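Enquirer: Before we start, here is the structure in question, set down as structure tokens.
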Amino acid sequence: MSAGWVFFGLGAVPMLLLTLAVLYAQFTIQCSIRIASKTHCPQCGSMLGRTAVLAAKDRYSSSISEWMKQNPGLRVRLEAPEWEIECPTCGVTVSFFPVANRTSETAKLTQKASPVIGD
Ligand SMILES: [Zn+2]
């Protein structure tokens, strides 16, 4: 076994793990998007739909990057993100927690909504 192969072998393992982690994260986020878009609005009962969910997800991502820009050096815990999905039919805002795959009615009791500063 040449040195090149050893180097390749050592490098390939973390690369593979990283790829798997990224794929897993994408899989779970797609799963959450699917569940959220099939969630019914608590006010009017219509399905929230993929468009509203994706908009909420984008809003959440940009609010986090905005927050991190304003608070450099502070660490944000992202384990409990919250998507504020606007119902396309009646306009009510439904909080969805992708980690728990639940809306606020059941999840707010156990999940923290906003980013927590520090440790
Ligand atoms: Zn509605």
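Convention: chains lettered A, B, ... in structure tokens order; per-chain residue numbering from 1; ligands numbered from 1 as shown.
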Set the cut-off to 10 Å, count only C-alpha atoms and all ligand atoms, and list whatever residues fall near ligand 1 as a ChimeraX atom specification.
Expert: /A:40-48,86-94
Enquirer: Residues within 9 Å of Arg34 in chain A, please, as an NGL selection string. Count only C-alpha atoms; anything in the same chain fewer than 5 positions from it doesn't count.
Expert: :A and (29 or 39 or 49-50 or 53)
Enquirer: Between A:Tyr60, A:Trp83, A:Trp5, A:Trp67, which is the closest to Ile33 in chain A once you count only C-alpha atoms?
Expert: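 When distances to Ile33 in chain A are compared using only C-alpha atoms, the smallest one comes from A:Trp83.
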Enquirer: Give the answer as one residue: which of A:Lys38, A:Lys69, A:Ser95, A:Ala25 has the shortest atom-to-atom distance to Lys57 in chain A, using only C-alpha atoms?
Expert: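 Residue with the minimum atom-to-atom distance to Lys57 in chain A: A:Ser95.
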Enquirer: Extract, using only C-alpha atoms, all DNA, RNA and protein residues at most 9 Å from Arg102 in chain A, discarding same-chain residues fewer than 5 positions from it, and format them as number ranges by chain.
Expert: A: 32, 35-36, 39, 95-97, 107
Enquirer: If you keep N, CA and C atoms, can you produce a file of those selected residues as an mmCIF file, in the first residue's frame?
Expert:
```
data_model
loop_
_atom_site.group_PDB
_atom_site.id
_atom_site.type_symbol
_atom_site.label_atom_id
_atom_site.label_comp_id
_atom_site.auth_asym_id
_atom_site.auth_seq_id
_atom_site.Cartn_x
_atom_site.Cartn_y
_atom_site.Cartn_z
ATOM 1 N N SER A 32 -39.718 17.359 6.540
ATOM 2 C CA SER A 32 -40.417 18.390 7.306
ATOM 3 C C SER A 32 -41.254 19.279 6.391
ATOM 4 N N ILE A 35 -44.381 17.380 5.461
ATOM 5 C CA ILE A 35 -45.347 17.314 6.563
ATOM 6 C C ILE A 35 -45.995 18.685 6.777
ATOM 7 N N ALA A 36 -45.148 19.738 6.764
ATOM 8 C CA ALA A 36 -45.669 21.089 7.001
ATOM 9 C C ALA A 36 -46.661 21.490 5.919
ATOM 10 N N THR A 39 -50.005 20.182 6.485
ATOM 11 C CA THR A 39 -50.651 20.591 7.725
ATOM 12 C C THR A 39 -51.832 21.500 7.413
ATOM 13 N N SER A 95 -47.087 28.484 13.502
ATOM 14 C CA SER A 95 -45.710 28.144 13.848
ATOM 15 C C SER A 95 -45.491 26.651 13.672
ATOM 16 N N PHE A 96 -44.427 26.318 12.921
ATOM 17 C CA PHE A 96 -44.112 24.908 12.683
ATOM 18 C C PHE A 96 -42.690 24.633 13.136
ATOM 19 N N PHE A 97 -42.490 23.539 13.861
ATOM 20 C CA PHE A 97 -41.166 23.175 14.348
ATOM 21 C C PHE A 97 -40.657 21.980 13.553
ATOM 22 N N ALA A 107 -46.401 21.621 20.009
ATOM 23 C CA ALA A 107 -44.953 21.645 20.193
ATOM 24 C C ALA A 107 -44.460 22.778 21.071
#
```
Enquirer: In range 48-90 of chain A, what's strand (DSSP E) per DSSP? Answer as a PyMOL selection string?
Expert: chain A and resi 83-86
Enquirer: Between A:Cys31, A:Ala52, A:Met68, A:Leu23, which one has atoms that come closest to Asn101 in chain A, using only C-alpha atoms?
Expert: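 Counting only C-alpha atoms, the residue closest to Asn101 in chain A is A:Cys31.
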Enquirer: What is the distance, in Å and to one decimal place, between CA of Leu54 in chain A and CA of Tyr24 in chain A?
Expert: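 A separation of 18.6 Å between them.
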